[in-house]
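*Asks:* I am sharing upload-v3.csv, which consists of CSV, C-alpha atoms:
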```
chain,number,residue,atom,x,y,z
A,5,MET,CA,-21.3,44.5,1.9
A,6,LEU,CA,-19.0,46.2,-0.6
A,7,ALA,CA,-17.0,44.1,-2.9
A,8,ALA,CA,-13.2,44.0,-2.6
A,9,PRO,CA,-11.5,46.4,-5.0
A,10,LEU,CA,-10.0,44.9,-8.1
A,11,LYS,CA,-6.3,45.0,-8.9
A,12,ARG,CA,-4.9,44.8,-12.4
A,13,SER,CA,-2.1,42.3,-12.9
A,14,ALA,CA,-0.2,41.0,-15.9
A,15,PHE,CA,-3.0,38.5,-16.4
A,16,GLY,CA,-5.9,41.0,-16.3
A,17,LEU,CA,-8.3,42.0,-13.5
A,18,ARG,CA,-8.3,40.0,-10.3
A,19,SER,CA,-9.5,40.5,-6.8
A,20,SER,CA,-7.2,41.8,-4.1
A,21,ALA,CA,-8.3,38.8,-2.0
A,22,ALA,CA,-7.2,35.3,-2.9
A,23,LEU,CA,-8.8,33.8,-6.0
A,24,PRO,CA,-11.8,31.7,-5.1
A,25,LYS,CA,-11.0,28.0,-4.9
A,26,ARG,CA,-13.3,25.0,-5.3
A,27,GLY,CA,-14.8,24.3,-1.9
A,28,LYS,CA,-15.0,20.8,-0.3
A,29,ALA,CA,-18.8,21.2,-0.3
A,30,ASP,CA,-19.0,21.8,-4.0
A,31,ILE,CA,-20.4,19.1,-6.3
A,32,THR,CA,-18.1,16.4,-7.9
A,33,VAL,CA,-18.9,15.0,-11.3
A,34,ARG,CA,-17.5,11.6,-12.2
A,35,LYS,CA,-16.0,11.6,-15.7
A,36,THR,CA,-16.7,7.9,-16.3
A,37,THR,CA,-20.4,7.7,-15.3
A,38,GLY,CA,-21.4,11.4,-15.1
A,39,ASP,CA,-22.6,10.8,-11.5
A,40,VAL,CA,-23.0,14.0,-9.5
A,41,LEU,CA,-21.8,13.7,-5.8
A,42,VAL,CA,-23.0,16.3,-3.3
A,43,GLY,CA,-21.4,16.4,0.1
A,44,ARG,CA,-23.4,17.1,3.3
A,45,GLY,CA,-22.1,19.0,6.3
A,46,THR,CA,-18.7,20.5,6.9
A,47,TYR,CA,-15.7,18.7,5.4
A,48,GLY,CA,-14.2,16.1,7.7
A,49,ARG,CA,-14.9,13.1,9.8
A,50,GLN,CA,-18.3,14.3,11.1
A,51,SER,CA,-19.7,14.9,7.6
A,52,TRP,CA,-20.3,13.0,4.3
A,53,ASN,CA,-18.4,14.1,1.3
A,54,GLY,CA,-20.9,12.4,-1.0
A,55,GLN,CA,-18.6,9.5,-1.8
A,56,THR,CA,-19.0,5.8,-0.9
A,57,ALA,CA,-16.0,3.5,-1.2
A,58,THR,CA,-15.7,-0.2,-0.9
A,59,VAL,CA,-12.2,-1.4,0.2
A,60,PHE,CA,-11.5,-5.1,-0.5
A,61,GLY,CA,-8.5,-6.3,1.5
A,62,CYS,CA,-9.3,-3.8,4.3
A,63,SER,CA,-8.0,-6.0,7.1
A,64,GLY,CA,-4.5,-6.2,5.7
A,65,PHE,CA,-1.5,-4.0,6.4
A,66,LEU,CA,-2.3,-1.3,3.8
A,67,GLY,CA,-6.1,-1.6,4.2
A,68,ARG,CA,-6.4,-0.1,7.7
A,69,TYR,CA,-4.5,3.0,6.6
A,70,VAL,CA,-6.6,3.5,3.5
A,71,VAL,CA,-9.9,3.0,5.4
A,72,ALA,CA,-8.7,5.4,8.1
A,73,ARG,CA,-7.8,8.1,5.6
A,74,LEU,CA,-11.0,7.8,3.6
A,75,ALA,CA,-13.2,7.8,6.8
A,76,ARG,CA,-11.6,10.8,8.3
A,77,GLU,CA,-12.3,12.7,5.1
A,78,GLY,CA,-16.0,12.0,5.4
A,79,THR,CA,-16.2,9.1,3.0
A,80,LYS,CA,-18.7,6.3,3.7
A,81,VAL,CA,-16.6,3.1,3.6
A,82,ILE,CA,-17.8,-0.4,3.0
A,83,VAL,CA,-15.3,-2.9,4.5
A,84,PRO,CA,-15.9,-6.4,3.2
A,85,TYR,CA,-14.3,-9.2,5.3
A,86,ARG,CA,-13.8,-12.9,5.1
A,87,GLY,CA,-13.8,-14.9,8.3
A,88,LEU,CA,-14.4,-13.3,11.7
A,89,TYR,CA,-15.9,-9.9,12.4
A,90,GLU,CA,-13.0,-9.3,14.8
A,91,TYR,CA,-10.7,-8.9,11.8
A,92,VAL,CA,-12.3,-5.6,10.9
A,93,ARG,CA,-13.8,-4.4,14.2
A,94,HIS,CA,-10.9,-2.1,14.8
A,95,LEU,CA,-11.7,-0.2,11.6
A,96,ARG,CA,-15.1,1.1,12.8
A,97,PRO,CA,-13.7,3.9,15.1
A,98,THR,CA,-11.7,5.4,12.2
A,99,GLY,CA,-14.9,7.0,11.0
A,100,ASP,CA,-18.0,8.6,12.5
A,101,LEU,CA,-21.0,6.6,13.6
A,102,GLY,CA,-22.4,4.5,10.8
A,103,MET,CA,-19.7,5.6,8.3
A,104,VAL,CA,-17.6,2.4,8.3
A,105,ILE,CA,-19.8,-0.5,7.4
A,106,PRO,CA,-18.5,-4.2,7.7
A,107,MET,CA,-20.0,-6.7,5.2
A,108,GLU,CA,-19.2,-10.4,5.1
A,109,PHE,CA,-18.2,-11.7,1.6
A,110,ASP,CA,-16.5,-14.5,-0.2
A,111,LEU,CA,-14.2,-13.8,-3.1
A,112,ARG,CA,-15.7,-16.8,-5.0
A,113,ASN,CA,-19.3,-15.6,-4.5
A,114,PRO,CA,-20.4,-13.0,-7.1
A,115,LYS,CA,-23.6,-12.2,-5.4
A,116,GLN,CA,-21.9,-11.2,-2.2
A,117,ILE,CA,-19.4,-9.0,-4.1
A,118,GLU,CA,-22.3,-7.3,-5.9
A,119,GLU,CA,-23.9,-6.5,-2.6
A,120,CYS,CA,-20.6,-4.9,-1.4
A,121,VAL,CA,-20.3,-2.6,-4.4
A,122,ARG,CA,-23.9,-1.9,-5.2
A,123,TYR,CA,-24.0,1.6,-3.6
A,124,SER,CA,-20.4,2.5,-4.1
A,125,ASP,CA,-18.9,5.0,-6.6
A,126,VAL,CA,-15.3,3.9,-5.8
A,127,VAL,CA,-14.0,0.4,-5.4
A,128,ILE,CA,-10.4,-0.2,-4.1
A,129,ASN,CA,-9.0,-3.7,-4.4
A,130,LEU,CA,-6.1,-4.4,-2.0
A,131,ILE,CA,-6.4,-8.2,-2.0
A,132,GLY,CA,-3.1,-10.0,-2.4
A,133,ARG,CA,-1.1,-12.8,-1.1
A,134,ASN,CA,2.6,-13.9,-0.8
A,135,TYR,CA,1.8,-17.6,-0.4
A,136,GLU,CA,-0.8,-20.1,-1.6
A,137,THR,CA,-3.3,-22.1,0.5
A,138,LYS,CA,-5.4,-25.2,-0.4
A,139,ASN,CA,-8.4,-22.9,-0.9
A,140,PHE,CA,-6.8,-19.9,-2.6
A,141,SER,CA,-4.0,-20.2,-5.2
A,142,PHE,CA,-2.3,-17.1,-6.7
A,143,GLU,CA,-4.4,-17.5,-9.8
A,144,LYS,CA,-7.7,-17.5,-7.8
A,145,VAL,CA,-6.7,-14.4,-5.9
A,146,HIS,CA,-4.6,-12.3,-8.2
A,147,ILE,CA,-6.2,-13.1,-11.5
A,148,GLU,CA,-9.7,-14.6,-11.2
A,149,GLY,CA,-10.6,-12.6,-8.0
A,150,ALA,CA,-9.4,-9.3,-9.4
A,151,ARG,CA,-11.2,-9.9,-12.7
A,152,ARG,CA,-14.4,-10.9,-10.9
A,153,ILE,CA,-14.4,-7.8,-8.6
A,154,ALA,CA,-13.7,-5.5,-11.6
A,155,GLU,CA,-16.4,-7.0,-13.8
A,156,ILE,CA,-19.0,-6.8,-11.1
A,157,SER,CA,-18.0,-3.3,-10.2
A,158,HIS,CA,-18.3,-2.2,-13.8
A,159,ALA,CA,-21.7,-3.8,-14.2
A,160,ALA,CA,-22.9,-2.2,-11.0
A,161,GLY,CA,-22.1,1.3,-12.4
A,162,VAL,CA,-19.1,2.0,-10.2
A,163,SER,CA,-17.3,5.2,-11.3
A,164,ARG,CA,-13.7,4.5,-10.2
A,165,PHE,CA,-11.8,1.3,-9.7
A,166,ILE,CA,-8.3,1.3,-8.1
A,167,HIS,CA,-6.3,-2.0,-8.2
A,168,MET,CA,-3.3,-2.5,-6.0
A,169,SER,CA,-0.4,-4.4,-7.5
A,170,ASN,CA,3.4,-4.7,-7.0
A,171,LEU,CA,6.3,-2.7,-8.3
A,172,ASN,CA,7.9,-5.9,-9.6
A,173,ALA,CA,4.7,-7.3,-11.2
A,174,ARG,CA,5.9,-8.6,-14.6
A,175,THR,CA,4.9,-11.5,-16.7
A,176,ASN,CA,8.6,-12.7,-16.9
A,177,ALA,CA,9.3,-12.4,-13.1
A,178,ASP,CA,10.9,-15.3,-11.3
A,179,ALA,CA,8.3,-15.3,-8.4
A,180,LYS,CA,4.9,-16.8,-9.2
A,181,SER,CA,3.1,-14.2,-7.1
A,182,LEU,CA,4.5,-11.4,-9.2
A,183,VAL,CA,3.7,-13.1,-12.5
A,184,THR,CA,0.0,-13.6,-11.4
A,185,LYS,CA,-0.2,-10.0,-10.3
A,186,ALA,CA,0.9,-8.9,-13.7
A,187,PHE,CA,-1.7,-11.0,-15.4
A,188,GLY,CA,-4.2,-9.7,-12.8
A,189,GLU,CA,-3.5,-6.1,-14.0
A,190,GLN,CA,-4.3,-7.1,-17.6
A,191,ARG,CA,-7.6,-8.7,-16.5
A,192,VAL,CA,-8.6,-5.6,-14.5
A,193,ARG,CA,-8.0,-3.3,-17.4
A,194,GLU,CA,-10.0,-5.6,-19.7
A,195,SER,CA,-12.9,-5.8,-17.3
A,196,PHE,CA,-13.0,-2.2,-16.1
A,197,PRO,CA,-11.9,0.5,-18.7
A,198,GLY,CA,-10.4,3.4,-16.9
A,199,ALA,CA,-9.2,1.5,-13.9
A,200,ASN,CA,-6.2,2.7,-12.0
A,201,ILE,CA,-3.2,0.4,-11.3
A,202,VAL,CA,-1.1,1.2,-8.3
A,203,ARG,CA,2.3,-0.6,-8.0
A,204,SER,CA,4.0,-0.2,-4.7
A,205,ALA,CA,7.5,-1.1,-3.5
A,206,THR,CA,8.0,-2.8,-0.1
A,207,MET,CA,6.1,-0.8,2.5
A,208,TYR,CA,7.1,-0.1,6.1
A,209,GLY,CA,5.0,1.0,9.1
A,210,TYR,CA,3.9,-0.2,12.5
A,211,GLU,CA,2.7,-3.6,11.3
A,212,ASP,CA,5.2,-4.1,8.5
A,213,GLU,CA,7.2,-7.2,7.5
A,214,LEU,CA,10.4,-5.2,6.9
A,215,LEU,CA,11.6,-3.2,9.9
A,216,ASN,CA,9.6,-5.2,12.5
A,217,ASN,CA,10.8,-8.5,11.2
A,218,ILE,CA,14.4,-7.4,11.6
A,219,GLY,CA,13.7,-6.1,15.1
A,220,LYS,CA,12.0,-9.1,16.5
A,221,ASN,CA,14.4,-11.6,14.9
A,222,LYS,CA,17.5,-9.6,15.8
A,223,TYR,CA,19.2,-12.6,17.4
A,224,CYS,CA,18.8,-14.7,14.2
A,225,TYR,CA,17.7,-13.0,11.1
A,226,LEU,CA,17.8,-15.1,8.0
A,227,THR,CA,19.0,-13.6,4.7
A,228,VAL,CA,19.8,-14.9,1.2
A,229,ASN,CA,22.3,-13.6,-1.3
A,230,LYS,CA,24.3,-11.9,1.6
A,231,ALA,CA,21.4,-9.4,2.1
A,232,GLN,CA,22.2,-7.7,-1.2
A,233,ARG,CA,18.6,-7.5,-2.4
A,234,LYS,CA,17.8,-4.0,-3.7
A,235,LEU,CA,14.9,-2.3,-2.1
A,236,ARG,CA,12.9,1.0,-2.6
A,237,PRO,CA,10.9,1.0,0.7
A,238,VAL,CA,8.0,3.5,1.0
A,239,CYS,CA,5.9,4.5,4.1
A,240,VAL,CA,2.5,2.8,4.2
A,241,SER,CA,0.8,6.1,5.1
A,242,ASP,CA,2.3,7.7,1.9
A,243,VAL,CA,0.8,4.9,-0.2
A,244,ALA,CA,-2.6,5.3,1.5
A,245,HIS,CA,-2.4,9.1,0.8
A,246,ALA,CA,-1.6,8.4,-2.8
A,247,ILE,CA,-4.6,6.1,-3.2
A,248,SER,CA,-6.9,8.7,-1.6
A,249,LYS,CA,-5.7,11.4,-4.0
A,250,ILE,CA,-6.1,9.2,-7.0
A,251,ARG,CA,-9.7,8.5,-5.8
A,252,ASP,CA,-10.5,12.2,-5.4
A,253,ASP,CA,-8.9,13.5,-8.7
A,254,GLU,CA,-10.9,12.8,-11.9
A,255,ASP,CA,-7.9,13.7,-14.0
A,256,THR,CA,-6.2,10.4,-12.9
A,257,VAL,CA,-8.7,8.1,-14.5
A,258,GLY,CA,-7.0,5.2,-16.3
A,259,LEU,CA,-3.5,6.1,-15.1
A,260,THR,CA,-0.9,3.7,-13.7
A,261,TYR,CA,1.2,4.7,-10.7
A,262,GLU,CA,4.4,3.3,-9.4
A,263,LEU,CA,5.2,4.3,-5.8
A,264,PHE,CA,8.8,3.8,-4.7
A,265,ASN,CA,11.6,5.5,-2.8
A,266,SER,CA,13.8,7.7,-4.9
A,267,LYS,CA,16.8,6.2,-3.0
A,268,GLN,CA,17.9,2.6,-3.5
A,269,TYR,CA,18.9,0.5,-0.5
A,270,THR,CA,20.2,-3.0,-0.1
A,271,GLN,CA,18.7,-5.3,2.5
A,272,LYS,CA,22.0,-4.9,4.4
A,273,ASP,CA,21.6,-1.1,4.5
A,274,VAL,CA,18.2,-1.5,6.1
A,275,ILE,CA,19.6,-4.0,8.7
A,276,ASP,CA,22.4,-1.6,9.5
A,277,LEU,CA,19.9,1.2,10.0
A,278,VAL,CA,17.7,-0.9,12.3
A,279,GLN,CA,20.6,-1.9,14.5
A,280,PHE,CA,21.8,1.6,14.7
A,281,PHE,CA,18.5,2.8,15.9
A,282,ILE,CA,17.8,0.0,18.4
A,283,HIS,CA,21.4,0.1,19.8
A,284,GLU,CA,21.8,-3.7,19.3
A,285,ASN,CA,23.5,-5.9,16.8
A,286,VAL,CA,21.3,-7.8,14.4
A,287,TRP,CA,22.8,-11.3,13.9
A,288,ARG,CA,22.5,-12.1,10.2
A,289,VAL,CA,22.5,-15.7,9.1
A,290,ASN,CA,23.0,-16.0,5.4
A,291,VAL,CA,21.4,-19.2,4.0
A,292,PRO,CA,21.8,-20.5,0.5
A,293,SER,CA,18.5,-19.8,-1.4
A,294,SER,CA,18.2,-23.3,-2.6
A,295,LEU,CA,18.5,-24.7,0.9
A,296,LEU,CA,16.1,-22.2,2.4
A,297,ARG,CA,13.6,-22.8,-0.4
A,298,LEU,CA,13.7,-26.6,0.2
A,299,ALA,CA,13.2,-26.0,3.9
A,300,ALA,CA,10.3,-23.7,3.3
A,301,LYS,CA,8.6,-26.3,1.0
A,302,ALA,CA,8.8,-28.8,3.8
A,303,VAL,CA,7.4,-26.3,6.4
A,304,ASP,CA,4.6,-25.4,3.9
A,305,ILE,CA,3.1,-28.8,4.4
A,306,LEU,CA,2.1,-27.9,8.0
A,307,PRO,CA,-1.5,-26.9,8.5
A,308,TYR,CA,-0.7,-23.4,9.7
A,309,HIS,CA,1.4,-20.9,7.8
A,310,TYR,CA,4.9,-20.3,8.9
A,311,THR,CA,6.7,-19.6,5.6
A,312,SER,CA,6.5,-20.7,2.0
A,313,HIS,CA,8.9,-21.2,-0.9
A,314,HIS,CA,7.1,-18.5,-2.7
A,315,GLU,CA,8.2,-16.0,0.0
A,316,VAL,CA,11.8,-17.2,-0.5
A,317,ASP,CA,11.4,-16.3,-4.2
A,318,LEU,CA,10.3,-12.8,-3.2
A,319,MET,CA,13.4,-12.5,-1.0
A,320,LEU,CA,15.5,-12.8,-4.2
A,321,ALA,CA,13.5,-10.2,-6.3
A,322,ASP,CA,15.2,-6.8,-6.6
A,323,GLU,CA,12.8,-3.8,-6.8
A,324,PHE,CA,13.0,-1.7,-9.9
A,325,PRO,CA,10.5,0.7,-11.4
A,326,SER,CA,9.4,-0.2,-15.0
A,327,GLY,CA,10.9,3.0,-16.5
A,328,ASP,CA,7.7,3.6,-18.6
A,329,PRO,CA,7.4,7.3,-19.2
A,330,ALA,CA,3.6,7.0,-19.1
A,331,VAL,CA,3.7,5.8,-15.5
A,332,GLN,CA,3.0,8.3,-12.8
A,333,THR,CA,4.8,8.6,-9.4
A,334,PHE,CA,4.5,10.4,-6.1
A,335,ALA,CA,5.6,13.6,-7.7
A,336,ASP,CA,2.7,13.6,-10.1
A,337,LEU,CA,0.3,13.5,-7.1
A,338,GLY,CA,2.2,16.3,-5.3
A,339,ILE,CA,3.2,14.0,-2.4
A,340,GLN,CA,6.6,14.3,-0.7
A,341,PRO,CA,7.2,10.8,0.7
A,342,HIS,CA,8.7,10.2,4.2
A,343,THR,CA,12.4,9.7,4.5
A,344,LEU,CA,13.2,6.2,5.7
A,345,GLU,CA,16.1,7.4,8.0
A,346,LEU,CA,13.8,9.9,9.8
A,347,ALA,CA,10.6,7.8,9.9
A,348,ALA,CA,12.0,4.3,10.8
A,349,LEU,CA,12.7,5.0,14.5
A,350,GLN,CA,9.1,5.4,15.5
A,351,TYR,CA,8.2,1.9,14.2
A,352,ILE,CA,11.1,0.0,15.9
A,353,ARG,CA,11.8,2.0,19.0
A,354,HIS,CA,10.2,-0.8,21.2
A,355,TYR,CA,13.0,-3.2,20.2
A,356,ARG,CA,15.5,-1.1,22.1
A,357,PRO,CA,17.0,-2.5,25.3
A,358,PRO,CA,15.7,-1.0,28.6
A,359,GLN,CA,18.7,1.2,29.2
A,360,HIS,CA,18.1,3.0,25.9
A,361,GLU,CA,14.3,3.3,26.3
A,362,GLU,CA,14.5,7.0,27.3
A,363,ASP,CA,16.8,8.0,24.5
A,364,PRO,CA,15.5,10.9,22.3
A,365,MET,CA,13.3,10.1,19.3
A,366,GLU,CA,15.4,12.4,17.1
A,367,PRO,CA,17.9,10.0,15.4
A,368,ARG,CA,21.4,11.3,15.7
A,369,GLY,CA,24.0,10.4,13.2
A,370,TYR,CA,21.4,9.0,10.7
A,371,LYS,CA,23.0,11.1,7.9
A,372,ALA,CA,25.7,8.4,7.6
A,373,PHE,CA,23.0,6.1,6.2
A,374,ARG,CA,21.5,8.5,3.7
A,375,LYS,CA,21.4,7.2,0.1
A,376,PRO,CA,21.6,9.4,-2.9
A,377,PRO,CA,18.5,9.4,-5.2
A,378,VAL,CA,18.6,7.1,-8.1
A,379,PRO,CA,17.3,8.4,-11.5
A,380,VAL,CA,14.3,6.6,-13.0
A,381,ASN,CA,16.2,5.8,-16.1
A,382,ASN,CA,18.8,3.8,-14.2
A,383,LYS,CA,20.6,1.1,-16.4
A,384,ASP,CA,19.4,-1.6,-14.0
A,385,ILE,CA,15.7,-0.9,-14.6
A,386,VAL,CA,13.9,-3.8,-16.3
A,387,ALA,CA,11.1,-3.0,-18.7
```
Could you show the structure in this file as structure tokens?

*Replies:*
Amino acid sequence: MLAAPLKRSAFGLRSSAALPKRGKADITVRKTTGDVLVGRGTYGRQSWNGQTATVFGCSGFLGRYVVARLAREGTKVIVPYRGLYEYVRHLRPTGDLGMVIPMEFDLRNPKQIEECVRYSDVVINLIGRNYETKNFSFEKVHIEGARRIAEISHAAGVSRFIHMSNLNARTNADAKSLVTKAFGEQRVRESFPGANIVRSATMYGYEDELLNNIGKNKYCYLTVNKAQRKLRPVCVSDVAHAISKIRDDEDTVGLTYELFNSKQYTQKDVIDLVQFFIHENVWRVNVPSSLLRLAAKAVDILPYHYTSHHEVDLMLADEFPSGDPAVQTFADLGIQPHTLELAALQYIRHYRPPQHEEDPMEPRGYKAFRKPPVPVNNKDIVA
């Protein structure tokens, strides 16, 4: 076959056809370890791209989206779980036969952690809590647990480590869970040089605790501070997409990412948006934070979790990016996040009354709720 004729451009000779791009079947070389990963088969769910990833915290809200994205790209995914196998059974169909592998583990057992990461070249830690239990305090989960996973992963020769944190994780934060997450980031960086830290704002989706909580508690939705808490909500699928791109790009080694909405909302704005979409009023009950925190402490004594005073502290925490110029965002990954006003309806449509069930999915009049983007160097940003 004759080669395509060459054309001369301002940059020299080039083919008339598109310039060749790196194919999905080409080899991948990990910068940190020098490991060579070779994929097998065509790219996609029914192939193997040469990568094996362990996703701790896979049974959580974000975890199922991360596992689903990795599995459909042909990554072999190890899904460690604590408790019942039923907690992760729904993850197996996200990948091809034998590509999603459940493994039982305990965060306090180093041997089981080592078994989960032994054959992986990527480890993603999504483990986190908003409340404490008698067996797992914030220190044991966010600091000791994160350090243990990072140390064992580094010793096992894992190439990439991605640690999930919070946009408000700071050592001087008012909420204990945010303080421990900040210290957890430090321990991860000490234990695994080149680890990626991902700080996300409040996420929304089908199983979220933002839009769905408003919808199912529309007749009595408790708020504090007159629902003036500042939020930067992001779609959970966008965060999963970002984690997948970080894992796949060797130029991201050691970088920190903050994933947040370019628009700033108050909690009241989100409530107004929900009641606009579901065609019903959301009855807000503003409770003094001190009173709600006292009631949550009393309820926290019960054997089963209903609420906690730590979660009340999080209700008072405004979301702001750090403002650090070295921190990357969605734009650096080439991701255009979903717009809250356009995406929210699909997650809360089932809260509509029956007479509005057949209304179109296209939200009409949503532009009234659009918020202008807020620059990153906003004066309210706390370093």

*Asks:* Quick one: residues within 7 Å of A:Cys120, all atoms listed in the file counted, chain neighbours fewer than 2 positions away excluded, as a list in words?

*Replies:*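 The residues that qualify are Thr58, Ile82, Pro84, Met107, Gln116, Ile117, Glu118 and Arg122 of chain A.
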
*Asks:* Between atom CA of A:His158 and atom CA of A:Ala72, measure the distance and give it in Å to one decimal.

*Replies:* 25.1 Å

*Asks:* Extract, using all atoms listed in the file, all DNA, RNA and protein residues at most 12 Å from A:Gln350, discarding same-chain residues fewer than 5 positions from it, and format them as a list in words.

*Replies:*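 Non-adjacent residues within range: Tyr208, Gly209, Tyr210, Glu211, Leu215, Asn216, Cys239, Val278, Phe281, Ile282, Leu344, Glu345, Tyr355, Arg356, Pro364, Met365, Glu366 and Pro367 of chain A.
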
*Asks:* Could you list, as a PyMOL selection string, every residue within 9 Å of stretch 218-229 of chain A, counting only C-alpha atoms and ignoring same-chain residues fewer than 6 positions away?

*Replies:* chain A and resi 271+274-275+278-279+282+284-293+296+316+319-320+352+354-356

*Asks:* As a CSV table (one decimal) with C-alpha atoms, in the frame of the given file, please: the residues near A:Tyr91 (cut-off 12 Å, only C-alpha atoms, same-chain neighbours under 6 positions excluded).

*Replies:*
```csv
chain,number,residue,atom,x,y,z
A,61,GLY,CA,-8.5,-6.3,1.5
A,62,CYS,CA,-9.3,-3.8,4.3
A,63,SER,CA,-8.0,-6.0,7.1
A,64,GLY,CA,-4.5,-6.2,5.7
A,65,PHE,CA,-1.5,-4.0,6.4
A,67,GLY,CA,-6.1,-1.6,4.2
A,68,ARG,CA,-6.4,-0.1,7.7
A,83,VAL,CA,-15.3,-2.9,4.5
A,84,PRO,CA,-15.9,-6.4,3.2
A,85,TYR,CA,-14.3,-9.2,5.3
A,106,PRO,CA,-18.5,-4.2,7.7
A,107,MET,CA,-20.0,-6.7,5.2
A,108,GLU,CA,-19.2,-10.4,5.1
```
